[in-house]
Amino acid sequence: MDSGDISWILISSALVMLMTPGLAFFYGGLVRRKNVLSIVMQSFIAMAVVGVIWVLWGYSLAFGSDIMGIIGGLEWFALNDVGLEPAPLAPTIPHLAFMVYQGMFAIITPALITGAFADRMRFRSYLFFIVLWSTFVYSPIAHWVWGGGWLSSLGALDFAGGTVVHISAGMAALMTVFILGKRKGYGEYSMTPHNIPLIVLGTALLWFGWFGFNAGSALGANETAVLAFVTTNTAAATGTLPWLMIDWSHKGTPSLIGAATGAVAGLVAITPAAGFVTVQAALAIGFGASIICYAAIQLKNRFHLDDALDVWGVHGVGGIWGAIATGIFATGVGLIAGNLTQLSVQVVSVIATMTYSVVATWLILKAIDSIMGLRVSPEEEAIGLDISLHLEEAYAR
Amino acid sequence: MDSGDISWILISSALVMLMTPGLAFFYGGLVRRKNVLSIVMQSFIAMAVVGVIWVLWGYSLAFGSDIMGIIGGLEWFALNDVGLEPAPLAPTIPHLAFMVYQGMFAIITPALITGAFADRMRFRSYLFFIVLWSTFVYSPIAHWVWGGGWLSSLGALDFAGGTVVHISAGMAALMTVFILGKRKGYGEYSMTPHNIPLIVLGTALLWFGWFGFNAGSALGANETAVLAFVTTNTAAATGTLPWLMIDWSHKGTPSLIGAATGAVAGLVAITPAAGFVTVQAALAIGFGASIICYAAIQLKNRFHLDDALDVWGVHGVGGIWGAIATGIFATGVGLIAGNLTQLSVQVVSVIATMTYSVVATWLILKAIDSIMGLRVSPEEEAIGLDISLHLEEAYAR
Amino acid sequence: MDSGDISWILISSALVMLMTPGLAFFYGGLVRRKNVLSIVMQSFIAMAVVGVIWVLWGYSLAFGSDIMGIIGGLEWFALNDVGLEPAPLAPTIPHLAFMVYQGMFAIITPALITGAFADRMRFRSYLFFIVLWSTFVYSPIAHWVWGGGWLSSLGALDFAGGTVVHISAGMAALMTVFILGKRKGYGEYSMTPHNIPLIVLGTALLWFGWFGFNAGSALGANETAVLAFVTTNTAAATGTLPWLMIDWSHKGTPSLIGAATGAVAGLVAITPAAGFVTVQAALAIGFGASIICYAAIQLKNRFHLDDALDVWGVHGVGGIWGAIATGIFATGVGLIAGNLTQLSVQVVSVIATMTYSVVATWLILKAIDSIMGLRVSPEEEAIGLDISLHLEEAYAR
Amino acid sequence: MMKVEAIIREEKLDNLKNALAEAGFLGMTVSEVKGRGRQKGYTLNFRGKSINVDLLPKLKVELTIDDSNINKLVDIIRKNSSTGEIGDGKIFLYPVADAIRIRTGERGPDAI
Amino acid sequence: MMKVEAIIREEKLDNLKNALAEAGFLGMTVSEVKGRGRQKGYTLNFRGKSINVDLLPKLKVELTIDDSNINKLVDIIRKNSSTGEIGDGKIFLYPVADAIRIRTGERGPDAI
Amino acid sequence: MMKVEAIIREEKLDNLKNALAEAGFLGMTVSEVKGRGRQKGYTLNFRGKSINVDLLPKLKVELTIDDSNINKLVDIIRKNSSTGEIGDGKIFLYPVADAIRIRTGERGPDAI
Ligand SMILES: Nc1ncnc2c1ncn2[C@@H]1O[C@H](COP(=O)(O)OP(=O)(O)O)[C@@H](O)[C@H]1O
Ligand SMILES: Nc1ncnc2c1ncn2[C@@H]1O[C@H](COP(=O)(O)OP(=O)(O)O)[C@@H](O)[C@H]1O
Ligand SMILES: Nc1ncnc2c1ncn2[C@@H]1O[C@H](COP(=O)(O)OP(=O)(O)O)[C@@H](O)[C@H]1O
């Protein structure tokens, strides 16, 4: 065990934990004033619900002994036998440290999806949704890629969660839009973000926490962590600029929300690549992310899909780009190093993750819908979810 | 000295420092718009006033050479002889690092009390209050438990401040309510929280900082730190859920403020136990905290005690539960390990802390009241403390 | 390489990164509601623009092989040859870690200046300004002091950026005021800060991040880092109190904005001294900072200079005081140790930095002004920069 | 018809609202205002410049009612929003030419 | 002259604003209000104490116009801000004694 | 009695407030509004959708006064809140049927 590595993994866990409230503020600022609490609540409660699930069975399903490449065993149920001995996958830190660090990823992933169905999902149904989604979507995919499952056997590279976190959440987001439908009033009247400083606060906490997300994924305070840290910051910076410029030329003015979204797109895209590529490649990955995600959102608008806060466009598409880019730029093994195998493996892992997330999310949503319904009543939606679901108003005298 | 331990104790100190502004936002969001600055100011100024006191005499009183088990000596006045040599109580980090880490605890403890007398205390009197309280309540109790005083000789366990921080502040809070009386209009008209996103920001920073508070109390980046980190996050998660559920069944809707309060209750309760119990025990401690603190607040409401932001209910009662729970669950020595001694010692330490805090706080408040008064005038209270005490308005065009 | 040191430098880099959004909130809260996004945008975009510049040429100019004591060479253009080998100036951490840590300083420095020309600069011109200023002012001065340039040969002490960051930004701020002129309505009608909780959030993040700024400048988790951490917190605390007291006696009430400003003044002043002085000296440095900066602002008001958010008064003057104080208090070599050389060297470094920043900033501003203008139109200014430059409103329903 | 506009203390709203509902006055519109009157104000300071804050937060409550109800309504408002101290506020009455319910198009007293 | 004051749903503002502009009604003043009417409210809770929230957010739109335009304006407002459900709001008409343009001092119908 | 309602620029409030106080007009009520008039607006954008922002922030100042003071008051307002550029705002005068001081119950001109 190494005290420097422990120090780094603990603070990284804390940083990733802070990303979930960061996300809550990012999303909370983007919605209208009458719905801010409902979406903040969805992120906040994920910290509690998934926090408990992970400790009980989520970790074991993801990282327990491999069963046919598909799922982990339940021998670590309720952290049985998970203690302070060296972590099987990271011998310089205790097993519990590895567990809690991974748990922070499990928490934020379902929270990412909430931006898609903003302003219209029942809270009770949401609770069932994250329990099922975390168990049947997140844990298996995490197992495939990081827990010794079939994608890791294939050699798929995902440094910090391009497939496991962003593609899985982004594609699930798209499904929720298909099944829940548009917000009342979509396309009819404007729904401007109600608090842009809150959006920037969220972005700042996300960017800050992402250092733990990516550089922490080195699982120690080592050279790889340093590389991942630098590529992360660089991709965030180069992600910001094209979005700003495209917005500017499209609409005549540079937008702060646009700049923030571009930064997030850059961060998403560098996630799977962070410890595998050079800083120069990170410049390109961030740059590309911004352009590709921007285009994806235009497409979505054309199809009148009401992915309210662009989870698919930014996380889904940004994650796909990042996973592919890893196959292109990964030092030594990527396309640029003259190698096509890695790229093909990456494509396989992208397609597998997309397919599984789409199908499993569809099943989960349909099941919940048939039992208790997914969507609030039109009157509740009109009044706003904060009052109608939570009887609270965000701002008062 | 160990660079990993130094790294961890420094970042933990920074994390604990951030909890005080976090508390300011938590409390600031809970009060009405006209009083937000006054309560934020009370936390902020604690960082300055106690920050200086600690360096001058607070640290020496708490950790200086033991005088009859009751108080530390003044040989470290103004940090005389406190330097970069190994800390007496933590040989792998410099003495100054230990000093500053402990100082962050000294800062937040009096700030916790401010929630009880929200909206009605004079600022000048508050300044005198924290100087005296920090010197005559915090430093002695810290000495008893952590500085080699009589409770530590007895073998009382308090990993990160269940008695020293939460019980002492929570009981002091109750006294301030008895002596200052209710807010004008209490029970007559509604006083809804003015900014719930600000409350959530505060909660997020508290949860984030609590990793430094509890896991930092291992005083190094070691196995104990990892254990404390995991129990902390787990208890916060299990603390959130029952509060949500009780609120839901009581009032028909799940409340975001309720969820946030539940998380804080879980965090408070795990504080004394964090490094001593298993993760499974943390599940139970967090769960219990939520139910017990919720009940305490109902009790308080029945007695029409205007502890405005429930400092007693959450910190006082949550701290008591945590200290007792430590006696029940502590690995090897707790009740569950078939041992009653530890539990009795815990009960003694709870009673001693409660009694001393109540009596000393009462004396301090009475002294200040007789010299300069404690409470603002009814007109100042009606207009709001932000304008009448600070001539500032929180929000303007 | 040392994992503890790597852990500390990475988290310090993250902390310093967070200071730039912290600054955005500090400044954003101080301006009127119609201009908050424009100033937040200026800080946010610095993270992207300077983040890219630093990687491309800024780092090489500042830390590349010395050319006549004045500037670094371009051999590290686009991080060519900057990898995971030990950093030349910090052999226990990888070179890239040193690079990214220094980059965070390069980002915040131009962002500091924005407070001076709040509410009136064109965004396009601002972009050119930070590109040029970062290249031609920041990098050279960083080279002089930290990169092996002439001031470092002279023996100038600047632990974490008193000259490089604060004096250079503070003097540049003054120049922008001379060239851009006053805000429309300055001295005519009141321009009260629109969101004081946001100011406090900014201050909290600055204080928190400053631990990375100063203690991280030890470039390892060692005794010097601990000392810098403690002096930083102490000077922030002692900086707060005199400002509060002067405000109180001047205006009859203690001000929260005043307390926050005092804390920042203390933090600025301890920056150059942090690792060189005792904690006792830090008490004095923070105390002095508050009084001197307060006086500077009175002076500025008397001259009707519209340095809107007091960048010169707090950062310029605070930095000068800090640099001089380093010459007075530096352990072993300062005036108090009976040595005058160091103090004279400090004076030289202050004067050199001031002069160069003033002249170079003047040239840059004049050049941009003649090509594209610097100031928005009176109508744009009247409507507010958020709508007129960014077509966004900070707060909506 | 008459519009009754009351400027009241913020903390009296709950009281007043309930009393109005009990008396059958459901329709009402409330807005946040700041007011100055006999209640003296304060002076704000920002880094050495002082600003007069004599405007204190109040609520404006508007009800359009039938002429026959005016005295009853005024009494309810007075009873439920006064504290006896300066700053209790004012009631203003304005003539209303007509009222229309947007949903149905009903006009006059039927619309309110 | 007459002041037309419409209490409408927040989400109808864009609609109404554009329709008014098209019909040549440019001058208008909008403010945020909360209202109660037939639309039933909710009950807020804070740590065990319940508070009645029957006031829901609305917008108040005010236009001062020439008497001759009143019916046209009322029609535009009704058409562009009704959904047919309870809570659509009200229009109130008030007599205006005079109007003055601050910049030029013009008075009466010329000023609006 | 007459209600004088002025829609002014935000930055003119300090000026106007002081001038009114000097002239003895203490009672007043201020609220935040947004307005459209001859002053042209802007277009907001949010991720590819554009929204028209022609409503710019203004303040509404209301004073109920005795008929005899109207011209004096209008002059003060004009003098202290005009800049000469489009967007300076309007003054509207409305008849007031009655005024009541909540605290004392005084009615009519005595109440204001
Ligand atoms: N002449 C007036 N015109 C408009 N509003 C007024 C007038 N006089 C008072 N008000 C409003 O009534 C509120 C209370 O008035 P104030 O004089 O303080 O109380 P009181 O009537 O109890 O003496 C003020 O804050 C202001 O909003
Ligand atoms: N008598 C009234 N006086 C003042 N405002 C009213 C009155 N009646 C209704 N309002 C306003 O109109 C809004 C809509 O009224 P409501 O009765 O809910 O709708 P509807 O007229 O469609 O039944 C209310 O929220 C309130 O702001
Ligand atoms: N007919 C009207 N009815 C209600 N408010 C109006 C009307 N015309 C103008 N206003 C208000 O007056 C403000 C200033 O009007 P504007 O036409 O821009 O200025 P000016 O009168 O100087 O040309 C507008 O923003 C709006 O709030």
# chains A, B, ... in the order shown; residues from 1 in each chain; ligands from 1

$ residues_around --residues "His194 of chain A" --least-positions-apart "4" --cutoff "9 Å" --atoms "only C-alpha atoms" --output "PyMOL selection string"
(chain A and resi 28-33+36+198) or (chain C and resi 393-397)

$ select_by_dssp --residues "chain D" --states "strand (DSSP E)" --output "number ranges by chain"
D: 2-8, 28-36, 42-46, 49-53, 56-65, 90-95, 98-101

$ residues_around --residues "Met28 of chain D" --least-positions-apart "6" --cutoff "9 Å" --atoms "only C-alpha atoms" --output "count of residues only"
10

$ atom_distance --atom1 "atom CA of Trp243 of chain A" --atom2 "atom CA of Gly51 of chain C"
15.7 Å

$ atom_distance --atom1 "atom CA of Leu343 of chain C" --atom2 "atom CA of Ala325 of chain C"
8.3 Å

$ residues_near_ligand --ligand "ligand 3" --cutoff "9 Å" --atoms "only C-alpha atoms and all ligand atoms" --output "NGL selection string"
(:E and (3-4 or 25-30 or 61-66 or 100-104 or 111-112)) or (:F and (6-9 or 33-40 or 54-60 or 82-92))

$ closest_residue --among "D:Ser81, D:Glu11, D:Asn69, D:Asp75" --to "ligand 2" --atoms "only C-alpha atoms and all ligand atoms"
D:Asn69

$ atom_distance --atom1 "atom CA of Glu75 of chain A" --atom2 "atom CA of Thr238 of chain B"
22.3 Å

$ residues_around --residues "Gly266 of chain C" --least-positions-apart "4" --cutoff "6 Å" --atoms "only C-alpha atoms" --output "list in words"
Ala235, Ala236, Gly239, Gly286 and Ala289 of chain C

$ residues_around --residues "Val350 of chain A" --least-positions-apart "6" --cutoff "12 Å" --atoms "only C-alpha atoms" --output "VMD selection string"
chain A and resid 141 144 to 145 151 156 to 158 161 to 168 170 to 171 272 316 to 327 343 to 344 356 to 357

$ write_last_selection --atoms "C-alpha atoms" --output "CSV table (one decimal), in the first residue's frame"
chain,number,residue,atom,x,y,z
A,141,ILE,CA,-21.7,-2.7,-18.5
A,144,TRP,CA,-17.9,-5.9,-19.2
A,145,VAL,CA,-15.4,-3.1,-19.5
A,151,LEU,CA,-15.2,-6.3,-23.5
A,156,ALA,CA,-11.5,-2.5,-25.3
A,157,LEU,CA,-10.0,0.6,-23.9
A,158,ASP,CA,-12.1,2.9,-21.6
A,161,GLY,CA,-16.0,5.7,-18.5
A,162,GLY,CA,-16.6,6.8,-22.1
A,163,THR,CA,-18.7,3.7,-22.7
A,164,VAL,CA,-19.6,2.7,-19.1
A,165,VAL,CA,-20.7,6.2,-18.0
A,166,HIS,CA,-21.4,8.5,-21.0
A,167,ILE,CA,-22.6,6.2,-23.8
A,168,SER,CA,-24.7,4.1,-21.5
A,170,GLY,CA,-26.6,9.1,-23.2
A,171,MET,CA,-28.4,6.3,-25.0
A,272,PRO,CA,-12.2,7.2,-22.3
A,316,GLY,CA,-24.1,10.0,-25.8
A,317,VAL,CA,-22.5,11.4,-28.9
A,318,GLY,CA,-19.5,12.9,-27.0
A,319,GLY,CA,-18.9,9.5,-25.4
A,320,ILE,CA,-19.1,7.8,-28.8
A,321,TRP,CA,-16.6,10.2,-30.3
A,322,GLY,CA,-14.3,9.7,-27.3
A,323,ALA,CA,-14.4,5.9,-27.5
A,324,ILE,CA,-13.7,6.0,-31.3
A,325,ALA,CA,-11.0,8.7,-30.8
A,326,THR,CA,-9.3,6.4,-28.3
A,327,GLY,CA,-9.0,3.9,-31.0
A,343,LEU,CA,-10.2,0.9,-33.4
A,344,SER,CA,-12.4,-2.1,-34.4
A,356,TYR,CA,-27.6,-3.0,-24.5
A,357,SER,CA,-28.4,0.4,-22.9

$ residues_around --residues "segment 380-384 of chain A" --least-positions-apart "4" --cutoff "6 Å" --atoms "only C-alpha atoms" --output "NGL selection string"
:A and (34-35 or 388)

$ closest_atom_pairs --of "chain B" --to "chain A" --cutoff "8 Å" --atoms "only C-alpha atoms" --output "Markdown table"
| residue | atom | partner | partner_atom | distance |
| --- | --- | --- | --- | --- |
| B:Asp2 | CA | A:Ser3 | CA | 7.8 |
| B:Ser3 | CA | A:Gly4 | CA | 6.8 |
| B:Gly4 | CA | A:Gly4 | CA | 3.9 |
| B:Asp5 | CA | A:Ser3 | CA | 6.2 |
| B:Ser7 | CA | A:Ser7 | CA | 6.8 |
| B:Trp8 | CA | A:Ser7 | CA | 5.2 |
| B:Ile11 | CA | A:Ile11 | CA | 7.9 |
| B:Arg32 | CA | A:Arg397 | CA | 5.8 |
| B:Arg33 | CA | A:Arg397 | CA | 4.9 |
| B:Lys34 | CA | A:Arg397 | CA | 7.5 |
| B:Thr192 | CA | A:Ala396 | CA | 7.0 |
| B:Pro193 | CA | A:Ala396 | CA | 6.8 |
| B:His194 | CA | A:Ala396 | CA | 4.3 |
| B:Asn195 | CA | A:Tyr395 | CA | 4.6 |
| B:Ile196 | CA | A:Ala394 | CA | 5.0 |
| B:Pro197 | CA | A:Ala394 | CA | 6.5 |
| B:Val200 | CA | A:Pro21 | CA | 8.0 |
| B:Leu201 | CA | A:Pro21 | CA | 7.5 |
| B:Ala204 | CA | A:Pro21 | CA | 6.2 |
| B:Leu205 | CA | A:Leu18 | CA | 7.9 |
| B:Phe208 | CA | A:Ala14 | CA | 6.1 |
| B:Phe211 | CA | A:Ala14 | CA | 6.9 |
| B:Gly220 | CA | A:Ser3 | CA | 7.7 |
| B:Ala221 | CA | A:Ser3 | CA | 5.0 |
| B:Asn222 | CA | A:Ser3 | CA | 6.2 |
| B:Glu223 | CA | A:Leu84 | CA | 6.0 |
| B:Val226 | CA | A:Ala97 | CA | 5.7 |
| B:Leu227 | CA | A:Leu96 | CA | 7.1 |
| B:Phe229 | CA | A:Leu10 | CA | 7.6 |
| B:Val230 | CA | A:Val100 | CA | 6.3 |
| B:Asn233 | CA | A:Gly51 | CA | 7.6 |
| B:Thr234 | CA | A:Gly51 | CA | 6.6 |
| B:Ala236 | CA | A:Ala48 | CA | 7.2 |
| B:Ala237 | CA | A:Ala48 | CA | 3.9 |
| B:Thr238 | CA | A:Ala48 | CA | 6.4 |
| B:Thr240 | CA | A:Ala48 | CA | 6.1 |
| B:Leu241 | CA | A:Ala48 | CA | 6.7 |
| B:Thr253 | CA | A:His390 | CA | 5.3 |
| B:Pro254 | CA | A:His390 | CA | 5.5 |
| B:Ser255 | CA | A:His390 | CA | 5.3 |
| B:Leu256 | CA | A:Met41 | CA | 5.9 |
| B:Ala259 | CA | A:Ile45 | CA | 7.5 |
| B:Val279 | CA | A:Leu79 | CA | 7.9 |
| B:Gln280 | CA | A:Ala78 | CA | 7.3 |

$ residues_around --residues "Phe329 of chain B" --least-positions-apart "3" --cutoff "9 Å" --atoms "only C-alpha atoms" --output "PyMOL selection string"
chain B and resi 273+276-278+281-282+285+324-326+332-337

$ write_last_selection --atoms "C-alpha atoms" --output "JSON list (two decimals), in the first residue's frame"
[["chain", "number", "residue", "atom", "x", "y", "z"],
["B", 273, "ALA", "CA", -17.75, 6.31, 14.85],
["B", 276, "PHE", "CA", -14.12, 2.48, 14.50],
["B", 277, "VAL", "CA", -17.01, 0.68, 12.83],
["B", 278, "THR", "CA", -17.69, -1.48, 9.79],
["B", 281, "ALA", "CA", -22.65, -0.68, 10.98],
["B", 282, "ALA", "CA", -22.52, 2.65, 9.14],
["B", 285, "ILE", "CA", -25.99, 4.37, 12.17],
["B", 324, "ILE", "CA", -23.81, 5.98, 21.80],
["B", 325, "ALA", "CA", -23.76, 4.06, 18.53],
["B", 326, "THR", "CA", -19.98, 4.08, 18.69],
["B", 332, "GLY", "CA", -13.94, -5.33, 18.96],
["B", 333, "VAL", "CA", -14.98, -3.18, 21.90],
["B", 334, "GLY", "CA", -18.63, -2.29, 21.33],
["B", 335, "LEU", "CA", -21.78, -3.78, 22.78],
["B", 336, "ILE", "CA", -22.20, -5.97, 19.73],
["B", 337, "ALA", "CA", -18.77, -7.43, 20.42]]

$ select_by_dssp --residues "segment 15-164 of chain C" --states "helix (DSSP H, G or I)" --output "PyMOL selection string"
chain C and resi 15-30+33-63+77-79+95-113+123-146+150-154+162-164
